[in-house]
Structure formats: C-alpha cells, structure tokens
$ cat final08.cif   # mmCIF, N, CA and C atoms
data_entry
#
loop_
_atom_site.group_PDB
_atom_site.id
_atom_site.type_symbol
_atom_site.label_atom_id
_atom_site.label_comp_id
_atom_site.auth_asym_id
_atom_site.auth_seq_id
_atom_site.Cartn_x
_atom_site.Cartn_y
_atom_site.Cartn_z
ATOM 1 N N MET A 74 112.405 106.688 116.569
ATOM 2 C CA MET A 74 111.040 107.066 116.850
ATOM 3 C C MET A 74 110.117 105.853 116.752
ATOM 4 N N TRP A 75 110.407 104.961 115.819
ATOM 5 C CA TRP A 75 109.608 103.758 115.638
ATOM 6 C C TRP A 75 109.545 102.969 116.938
ATOM 7 N N LEU A 76 110.604 103.017 117.719
ATOM 8 C CA LEU A 76 110.691 102.282 118.975
ATOM 9 C C LEU A 76 109.665 102.782 120.000
ATOM 10 N N PHE A 77 109.310 104.035 119.941
ATOM 11 C CA PHE A 77 108.415 104.616 120.933
ATOM 12 C C PHE A 77 106.934 104.390 120.631
ATOM 13 N N LEU A 78 106.624 103.858 119.462
ATOM 14 C CA LEU A 78 105.231 103.586 119.122
ATOM 15 C C LEU A 78 104.811 102.243 119.700
ATOM 16 N N THR A 79 103.565 102.130 120.044
ATOM 17 C CA THR A 79 103.076 100.865 120.584
ATOM 18 C C THR A 79 103.038 99.803 119.492
ATOM 19 N N ARG A 80 103.042 98.565 119.905
ATOM 20 C CA ARG A 80 103.048 97.458 118.954
ATOM 21 C C ARG A 80 101.796 97.482 118.082
ATOM 22 N N ARG A 81 100.679 97.758 118.669
ATOM 23 C CA ARG A 81 99.421 97.786 117.920
ATOM 24 C C ARG A 81 99.424 98.905 116.880
ATOM 25 N N PHE A 82 99.929 100.058 117.247
ATOM 26 C CA PHE A 82 99.977 101.175 116.302
ATOM 27 C C PHE A 82 100.963 100.893 115.169
ATOM 28 N N ARG A 83 102.112 100.296 115.491
ATOM 29 C CA ARG A 83 103.068 99.929 114.446
ATOM 30 C C ARG A 83 102.439 98.959 113.460
ATOM 31 N N MET A 84 101.685 97.968 113.933
ATOM 32 C CA MET A 84 101.035 97.007 113.052
ATOM 33 C C MET A 84 99.991 97.705 112.196
ATOM 34 N N TRP A 85 99.261 98.638 112.759
ATOM 35 C CA TRP A 85 98.267 99.387 112.010
ATOM 36 C C TRP A 85 98.942 100.174 110.885
ATOM 37 N N VAL A 86 100.061 100.811 111.185
ATOM 38 C CA VAL A 86 100.786 101.576 110.167
ATOM 39 C C VAL A 86 101.250 100.657 109.047
ATOM 40 N N ILE A 87 101.778 99.512 109.390
ATOM 41 C CA ILE A 87 102.263 98.576 108.377
ATOM 42 C C ILE A 87 101.121 98.104 107.495
ATOM 43 N N LEU A 88 100.009 97.734 108.095
ATOM 44 C CA LEU A 88 98.909 97.174 107.315
ATOM 45 C C LEU A 88 98.135 98.214 106.518
ATOM 46 N N THR A 89 98.058 99.439 106.999
ATOM 47 C CA THR A 89 97.260 100.435 106.290
ATOM 48 C C THR A 89 98.064 101.308 105.338
ATOM 49 N N LEU A 90 99.345 101.445 105.573
ATOM 50 C CA LEU A 90 100.142 102.312 104.709
ATOM 51 C C LEU A 90 101.179 101.560 103.892
ATOM 52 N N LEU A 91 101.961 100.740 104.531
ATOM 53 C CA LEU A 91 103.081 100.114 103.849
ATOM 54 C C LEU A 91 102.670 98.941 102.962
ATOM 55 N N ALA A 92 101.732 98.129 103.395
ATOM 56 C CA ALA A 92 101.320 96.978 102.587
ATOM 57 C C ALA A 92 100.668 97.415 101.269
ATOM 58 N N PRO A 93 99.725 98.355 101.263
ATOM 59 C CA PRO A 93 99.169 98.806 99.979
ATOM 60 C C PRO A 93 100.214 99.488 99.091
ATOM 61 N N LEU A 94 101.121 100.212 99.697
ATOM 62 C CA LEU A 94 102.176 100.861 98.922
ATOM 63 C C LEU A 94 103.072 99.816 98.268
ATOM 64 N N ALA A 95 103.445 98.795 99.010
ATOM 65 C CA ALA A 95 104.276 97.726 98.451
ATOM 66 C C ALA A 95 103.537 96.996 97.337
ATOM 67 N N THR A 96 102.243 96.757 97.511
ATOM 68 C CA THR A 96 101.448 96.102 96.476
ATOM 69 C C THR A 96 101.460 96.928 95.194
ATOM 70 N N LYS A 97 101.273 98.223 95.317
ATOM 71 C CA LYS A 97 101.264 99.100 94.143
ATOM 72 C C LYS A 97 102.631 99.135 93.468
ATOM 73 N N VAL A 98 103.686 99.189 94.244
ATOM 74 C CA VAL A 98 105.038 99.224 93.675
ATOM 75 C C VAL A 98 105.340 97.923 92.940
ATOM 76 N N LEU A 99 105.004 96.780 93.536
ATOM 77 C CA LEU A 99 105.263 95.497 92.889
ATOM 78 C C LEU A 99 104.504 95.382 91.572
ATOM 79 N N ARG A 100 103.235 95.765 91.587
ATOM 80 C CA ARG A 100 102.432 95.690 90.372
ATOM 81 C C ARG A 100 102.971 96.642 89.300
ATOM 82 N N SER A 101 103.363 97.834 89.697
ATOM 83 C CA SER A 101 103.899 98.800 88.728
ATOM 84 C C SER A 101 105.203 98.304 88.109
ATOM 85 N N LEU A 102 106.074 97.722 88.926
ATOM 86 C CA LEU A 102 107.322 97.180 88.402
ATOM 87 C C LEU A 102 107.060 96.038 87.432
ATOM 88 N N GLY A 103 106.123 95.176 87.769
ATOM 89 C CA GLY A 103 105.773 94.075 86.877
ATOM 90 C C GLY A 103 105.251 94.567 85.548
ATOM 91 N N GLN A 104 104.396 95.569 85.578
ATOM 92 C CA GLN A 104 103.850 96.121 84.337
ATOM 93 C C GLN A 104 104.935 96.816 83.518
ATOM 94 N N LEU A 105 105.841 97.510 84.182
ATOM 95 C CA LEU A 105 106.937 98.179 83.494
ATOM 96 C C LEU A 105 107.833 97.158 82.793
ATOM 97 N N LEU A 106 108.169 96.083 83.485
ATOM 98 C CA LEU A 106 108.997 95.043 82.878
ATOM 99 C C LEU A 106 108.296 94.383 81.694
ATOM 100 N N GLU A 107 106.987 94.171 81.806
ATOM 101 C CA GLU A 107 106.249 93.572 80.688
ATOM 102 C C GLU A 107 106.202 94.499 79.483
ATOM 103 N N ARG A 108 106.077 95.799 79.707
ATOM 104 C CA ARG A 108 106.059 96.742 78.583
ATOM 105 C C ARG A 108 107.411 96.783 77.881
ATOM 106 N N ARG A 109 108.485 96.693 78.663
ATOM 107 C CA ARG A 109 109.821 96.792 78.082
ATOM 108 C C ARG A 109 110.244 95.533 77.344
ATOM 109 N N GLY A 110 110.010 94.369 77.943
ATOM 110 C CA GLY A 110 110.556 93.169 77.333
ATOM 111 C C GLY A 110 109.580 92.028 77.157
ATOM 112 N N GLY A 111 108.319 92.281 77.346
ATOM 113 C CA GLY A 111 107.337 91.218 77.227
ATOM 114 C C GLY A 111 107.258 90.413 78.526
ATOM 115 N N PRO A 112 106.330 89.479 78.576
ATOM 116 C CA PRO A 112 106.161 88.686 79.791
ATOM 117 C C PRO A 112 107.394 87.833 80.082
ATOM 118 N N SER A 113 107.781 87.799 81.339
ATOM 119 C CA SER A 113 108.890 86.962 81.783
ATOM 120 C C SER A 113 108.536 86.406 83.159
ATOM 121 N N ALA A 114 109.373 85.538 83.662
ATOM 122 C CA ALA A 114 109.122 84.949 84.978
ATOM 123 C C ALA A 114 109.152 86.021 86.065
ATOM 124 N N VAL A 115 110.051 86.972 85.932
ATOM 125 C CA VAL A 115 110.161 88.039 86.939
ATOM 126 C C VAL A 115 108.936 88.940 86.907
ATOM 127 N N SER A 116 108.541 89.372 85.717
ATOM 128 C CA SER A 116 107.380 90.265 85.634
ATOM 129 C C SER A 116 106.109 89.548 86.089
ATOM 130 N N ASN A 117 105.967 88.277 85.728
ATOM 131 C CA ASN A 117 104.801 87.517 86.185
ATOM 132 C C ASN A 117 104.799 87.371 87.700
ATOM 133 N N GLY A 118 105.962 87.141 88.278
ATOM 134 C CA GLY A 118 106.056 87.029 89.736
ATOM 135 C C GLY A 118 105.691 88.323 90.439
ATOM 136 N N LEU A 119 106.152 89.445 89.902
ATOM 137 C CA LEU A 119 105.818 90.743 90.495
ATOM 138 C C LEU A 119 104.322 91.036 90.386
ATOM 139 N N LEU A 120 103.729 90.707 89.241
ATOM 140 C CA LEU A 120 102.291 90.926 89.082
ATOM 141 C C LEU A 120 101.490 90.026 90.020
ATOM 142 N N LYS A 121 101.928 88.792 90.190
ATOM 143 C CA LYS A 121 101.229 87.891 91.109
ATOM 144 C C LYS A 121 101.343 88.376 92.550
ATOM 145 N N ALA A 122 102.502 88.909 92.931
ATOM 146 C CA ALA A 122 102.671 89.447 94.282
ATOM 147 C C ALA A 122 101.760 90.655 94.486
ATOM 148 N N GLY A 123 101.641 91.503 93.474
ATOM 149 C CA GLY A 123 100.728 92.645 93.553
ATOM 150 C C GLY A 123 99.286 92.207 93.651
ATOM 151 N N ASP A 124 98.918 91.180 92.896
ATOM 152 C CA ASP A 124 97.549 90.669 92.951
ATOM 153 C C ASP A 124 97.250 90.004 94.287
ATOM 154 N N LEU A 125 98.252 89.362 94.871
ATOM 155 C CA LEU A 125 98.069 88.743 96.182
ATOM 156 C C LEU A 125 97.711 89.794 97.225
ATOM 157 N N GLY A 126 98.406 90.918 97.195
ATOM 158 C CA GLY A 126 98.089 92.005 98.118
ATOM 159 C C GLY A 126 96.703 92.563 97.890
ATOM 160 N N GLU A 127 96.309 92.669 96.640
ATOM 161 C CA GLU A 127 94.968 93.173 96.317
ATOM 162 C C GLU A 127 93.886 92.205 96.791
ATOM 163 N N ARG A 128 94.094 90.915 96.568
ATOM 164 C CA ARG A 128 93.112 89.919 97.020
ATOM 165 C C ARG A 128 92.993 89.929 98.539
ATOM 166 N N ALA A 129 94.106 90.088 99.238
ATOM 167 C CA ALA A 129 94.065 90.134 100.698
ATOM 168 C C ALA A 129 93.282 91.353 101.172
ATOM 169 N N ARG A 130 93.470 92.484 100.496
ATOM 170 C CA ARG A 130 92.761 93.701 100.888
ATOM 171 C C ARG A 130 91.265 93.531 100.691
ATOM 172 N N VAL A 131 90.867 92.945 99.574
ATOM 173 C CA VAL A 131 89.439 92.745 99.293
ATOM 174 C C VAL A 131 88.854 91.741 100.283
ATOM 175 N N LYS A 132 89.595 90.706 100.590
ATOM 176 C CA LYS A 132 89.101 89.685 101.514
ATOM 177 C C LYS A 132 88.885 90.257 102.910
ATOM 178 N N LEU A 133 89.707 91.221 103.287
ATOM 179 C CA LEU A 133 89.576 91.825 104.615
ATOM 180 C C LEU A 133 88.551 92.950 104.660
ATOM 181 N N GLY A 134 87.815 93.139 103.576
ATOM 182 C CA GLY A 134 86.712 94.095 103.631
ATOM 183 C C GLY A 134 86.857 95.310 102.758
ATOM 184 N N GLY A 135 87.907 95.397 101.976
ATOM 185 C CA GLY A 135 88.065 96.550 101.098
ATOM 186 C C GLY A 135 87.298 96.358 99.814
ATOM 187 N N LYS A 136 87.151 97.429 99.083
ATOM 188 C CA LYS A 136 86.477 97.363 97.792
ATOM 189 C C LYS A 136 87.527 97.072 96.710
ATOM 190 N N PRO A 137 87.152 96.273 95.724
ATOM 191 C CA PRO A 137 88.109 96.011 94.635
ATOM 192 C C PRO A 137 88.364 97.267 93.829
ATOM 193 N N ARG A 138 89.593 97.422 93.374
ATOM 194 C CA ARG A 138 89.929 98.571 92.541
ATOM 195 C C ARG A 138 89.550 98.282 91.121
ATOM 196 N N ARG A 139 89.258 99.320 90.358
ATOM 197 C CA ARG A 139 88.758 99.130 88.994
ATOM 198 C C ARG A 139 89.836 98.642 88.037
ATOM 199 N N GLY A 140 90.802 99.470 87.759
ATOM 200 C CA GLY A 140 91.797 99.158 86.744
ATOM 201 C C GLY A 140 93.037 98.526 87.327
ATOM 202 N N ARG A 141 93.896 98.083 86.428
ATOM 203 C CA ARG A 141 95.171 97.515 86.875
ATOM 204 C C ARG A 141 96.224 98.539 86.893
#
$ encode --input "final08.cif" --output "structure tokens"
Amino acid sequence: MWLFLTRRFRMWVILTLLAPLATKVLRSLGQLLERRGGPSAVSNGLLKAGDLGERARVKLGGKPRRGR
C-alpha cells in the first residue's frame, strides 16, 4: 500500500507521524536506561537523539514541550 501513495504524502507521513514517535521512543529508552543503571554512554546518546528531534521540531515552527 505504501507504494501507491505519492512521494509528497509519504514524506508528510514520515515527518508528522514517524519522526515525533521515534523521538519519543528514543527519549523514553534513554530515561529508562538512566533509571535502571545510571547515566551511561548509551543512555546519553539516546537522550541526545531525542533532544535533536525536539530541537528540529521547534526550529520548524512547533511549540516546545514542557516536561521531559
């Protein structure tokens, strides 16, 4: 079915649905790892990846979210 969607619509779906979802998942995994074993290189990397997605969203015109 993905094949039948136009390129522009597929990009819209990726940017509006999948990118924020991936950002939330990465941040949640990073926080979970930090709660379990304290800060590590992996948890810091996941949190930075989540923050990168958030900064990109704000830069493109979104409102910043309140909590982490």
$ axis_aligned_box --input "final08.cif" --around "region 83-100 of chain A" --padding-each-side "3 Å" --output "lines of an AutoDock Vina configuration file"
center_x = 101.3
center_y = 98.8
center_z = 102.4
size_x = 14.1
size_y = 12.9
size_z = 32.2
$ resolve_selection --input "final08.cif" --expression "the PyMOL selection byres ((chain A and resi 93-96) around 8)" --output "PyMOL selection string"
chain A and resi 87-92+97-102+122-127
$ atom_distance --input "final08.cif" --atom1 "atom N of Gly134 (chain A)" --atom2 "atom N of Gln104 (chain A)"
24.6 Å
$ select_by_dssp --input "final08.cif" --residues "chain A" --states "helix (DSSP H, G or I)" --output "number ranges by chain"
A: 75-77, 80-110, 114-132
$ write_last_selection --input "final08.cif" --atoms "N, CA and C atoms" --output "short mmCIF file (atom, residue, chain, number, x, y, z; two decimals), keeping the file's coordinate frame"
data_model
loop_
_atom_site.label_atom_id
_atom_site.label_comp_id
_atom_site.auth_asym_id
_atom_site.auth_seq_id
_atom_site.Cartn_x
_atom_site.Cartn_y
_atom_site.Cartn_z
N TRP A 75 110.41 104.96 115.82
CA TRP A 75 109.61 103.76 115.64
C TRP A 75 109.54 102.97 116.94
N LEU A 76 110.60 103.02 117.72
CA LEU A 76 110.69 102.28 118.98
C LEU A 76 109.66 102.78 120.00
N PHE A 77 109.31 104.04 119.94
CA PHE A 77 108.42 104.62 120.93
C PHE A 77 106.93 104.39 120.63
N ARG A 80 103.04 98.56 119.90
CA ARG A 80 103.05 97.46 118.95
C ARG A 80 101.80 97.48 118.08
N ARG A 81 100.68 97.76 118.67
CA ARG A 81 99.42 97.79 117.92
C ARG A 81 99.42 98.90 116.88
N PHE A 82 99.93 100.06 117.25
CA PHE A 82 99.98 101.18 116.30
C PHE A 82 100.96 100.89 115.17
N ARG A 83 102.11 100.30 115.49
CA ARG A 83 103.07 99.93 114.45
C ARG A 83 102.44 98.96 113.46
N MET A 84 101.68 97.97 113.93
CA MET A 84 101.04 97.01 113.05
C MET A 84 99.99 97.70 112.20
N TRP A 85 99.26 98.64 112.76
CA TRP A 85 98.27 99.39 112.01
C TRP A 85 98.94 100.17 110.88
N VAL A 86 100.06 100.81 111.18
CA VAL A 86 100.79 101.58 110.17
C VAL A 86 101.25 100.66 109.05
N ILE A 87 101.78 99.51 109.39
CA ILE A 87 102.26 98.58 108.38
C ILE A 87 101.12 98.10 107.50
N LEU A 88 100.01 97.73 108.10
CA LEU A 88 98.91 97.17 107.32
C LEU A 88 98.14 98.21 106.52
N THR A 89 98.06 99.44 107.00
CA THR A 89 97.26 100.44 106.29
C THR A 89 98.06 101.31 105.34
N LEU A 90 99.34 101.44 105.57
CA LEU A 90 100.14 102.31 104.71
C LEU A 90 101.18 101.56 103.89
N LEU A 91 101.96 100.74 104.53
CA LEU A 91 103.08 100.11 103.85
C LEU A 91 102.67 98.94 102.96
N ALA A 92 101.73 98.13 103.40
CA ALA A 92 101.32 96.98 102.59
C ALA A 92 100.67 97.42 101.27
N PRO A 93 99.72 98.36 101.26
CA PRO A 93 99.17 98.81 99.98
C PRO A 93 100.21 99.49 99.09
N LEU A 94 101.12 100.21 99.70
CA LEU A 94 102.18 100.86 98.92
C LEU A 94 103.07 99.82 98.27
N ALA A 95 103.44 98.80 99.01
CA ALA A 95 104.28 97.73 98.45
C ALA A 95 103.54 97.00 97.34
N THR A 96 102.24 96.76 97.51
CA THR A 96 101.45 96.10 96.48
C THR A 96 101.46 96.93 95.19
N LYS A 97 101.27 98.22 95.32
CA LYS A 97 101.26 99.10 94.14
C LYS A 97 102.63 99.14 93.47
N VAL A 98 103.69 99.19 94.24
CA VAL A 98 105.04 99.22 93.68
C VAL A 98 105.34 97.92 92.94
N LEU A 99 105.00 96.78 93.54
CA LEU A 99 105.26 95.50 92.89
C LEU A 99 104.50 95.38 91.57
N ARG A 100 103.24 95.76 91.59
CA ARG A 100 102.43 95.69 90.37
C ARG A 100 102.97 96.64 89.30
N SER A 101 103.36 97.83 89.70
CA SER A 101 103.90 98.80 88.73
C SER A 101 105.20 98.30 88.11
N LEU A 102 106.07 97.72 88.93
CA LEU A 102 107.32 97.18 88.40
C LEU A 102 107.06 96.04 87.43
N GLY A 103 106.12 95.18 87.77
CA GLY A 103 105.77 94.08 86.88
C GLY A 103 105.25 94.57 85.55
N GLN A 104 104.40 95.57 85.58
CA GLN A 104 103.85 96.12 84.34
C GLN A 104 104.94 96.82 83.52
N LEU A 105 105.84 97.51 84.18
CA LEU A 105 106.94 98.18 83.49
C LEU A 105 107.83 97.16 82.79
N LEU A 106 108.17 96.08 83.48
CA LEU A 106 109.00 95.04 82.88
C LEU A 106 108.30 94.38 81.69
N GLU A 107 106.99 94.17 81.81
CA GLU A 107 106.25 93.57 80.69
C GLU A 107 106.20 94.50 79.48
N ARG A 108 106.08 95.80 79.71
CA ARG A 108 106.06 96.74 78.58
C ARG A 108 107.41 96.78 77.88
N ARG A 109 108.48 96.69 78.66
CA ARG A 109 109.82 96.79 78.08
C ARG A 109 110.24 95.53 77.34
N GLY A 110 110.01 94.37 77.94
CA GLY A 110 110.56 93.17 77.33
C GLY A 110 109.58 92.03 77.16
N ALA A 114 109.37 85.54 83.66
CA ALA A 114 109.12 84.95 84.98
C ALA A 114 109.15 86.02 86.06
N VAL A 115 110.05 86.97 85.93
CA VAL A 115 110.16 88.04 86.94
C VAL A 115 108.94 88.94 86.91
N SER A 116 108.54 89.37 85.72
CA SER A 116 107.38 90.26 85.63
C SER A 116 106.11 89.55 86.09
N ASN A 117 105.97 88.28 85.73
CA ASN A 117 104.80 87.52 86.18
C ASN A 117 104.80 87.37 87.70
N GLY A 118 105.96 87.14 88.28
CA GLY A 118 106.06 87.03 89.74
C GLY A 118 105.69 88.32 90.44
N LEU A 119 106.15 89.44 89.90
CA LEU A 119 105.82 90.74 90.50
C LEU A 119 104.32 91.04 90.39
N LEU A 120 103.73 90.71 89.24
CA LEU A 120 102.29 90.93 89.08
C LEU A 120 101.49 90.03 90.02
N LYS A 121 101.93 88.79 90.19
CA LYS A 121 101.23 87.89 91.11
C LYS A 121 101.34 88.38 92.55
N ALA A 122 102.50 88.91 92.93
CA ALA A 122 102.67 89.45 94.28
C ALA A 122 101.76 90.66 94.49
N GLY A 123 101.64 91.50 93.47
CA GLY A 123 100.73 92.64 93.55
C GLY A 123 99.29 92.21 93.65
N ASP A 124 98.92 91.18 92.90
CA ASP A 124 97.55 90.67 92.95
C ASP A 124 97.25 90.00 94.29
N LEU A 125 98.25 89.36 94.87
CA LEU A 125 98.07 88.74 96.18
C LEU A 125 97.71 89.79 97.22
N GLY A 126 98.41 90.92 97.20
CA GLY A 126 98.09 92.00 98.12
C GLY A 126 96.70 92.56 97.89
N GLU A 127 96.31 92.67 96.64
CA GLU A 127 94.97 93.17 96.32
C GLU A 127 93.89 92.20 96.79
N ARG A 128 94.09 90.92 96.57
CA ARG A 128 93.11 89.92 97.02
C ARG A 128 92.99 89.93 98.54
N ALA A 129 94.11 90.09 99.24
CA ALA A 129 94.06 90.13 100.70
C ALA A 129 93.28 91.35 101.17
N ARG A 130 93.47 92.48 100.50
CA ARG A 130 92.76 93.70 100.89
C ARG A 130 91.26 93.53 100.69
N VAL A 131 90.87 92.94 99.57
CA VAL A 131 89.44 92.74 99.29
C VAL A 131 88.85 91.74 100.28
N LYS A 132 89.60 90.71 100.59
CA LYS A 132 89.10 89.68 101.51
C LYS A 132 88.88 90.26 102.91
#
$ atom_distance --input "final08.cif" --atom1 "CA of Asn117 (chain A)" --atom2 "CA of Val131 (chain A)"
20.9 Å
$ atom_distance --input "final08.cif" --atom1 "atom N of Pro112 (chain A)" --atom2 "CA of Ala129 (chain A)"
25.3 Å
$ residues_around --input "final08.cif" --residues "Leu106 (chain A)" --least-positions-apart "6" --cutoff "9 Å" --atoms "only C-alpha atoms" --output "PyMOL selection string"
chain A and resi 112-113+115-116
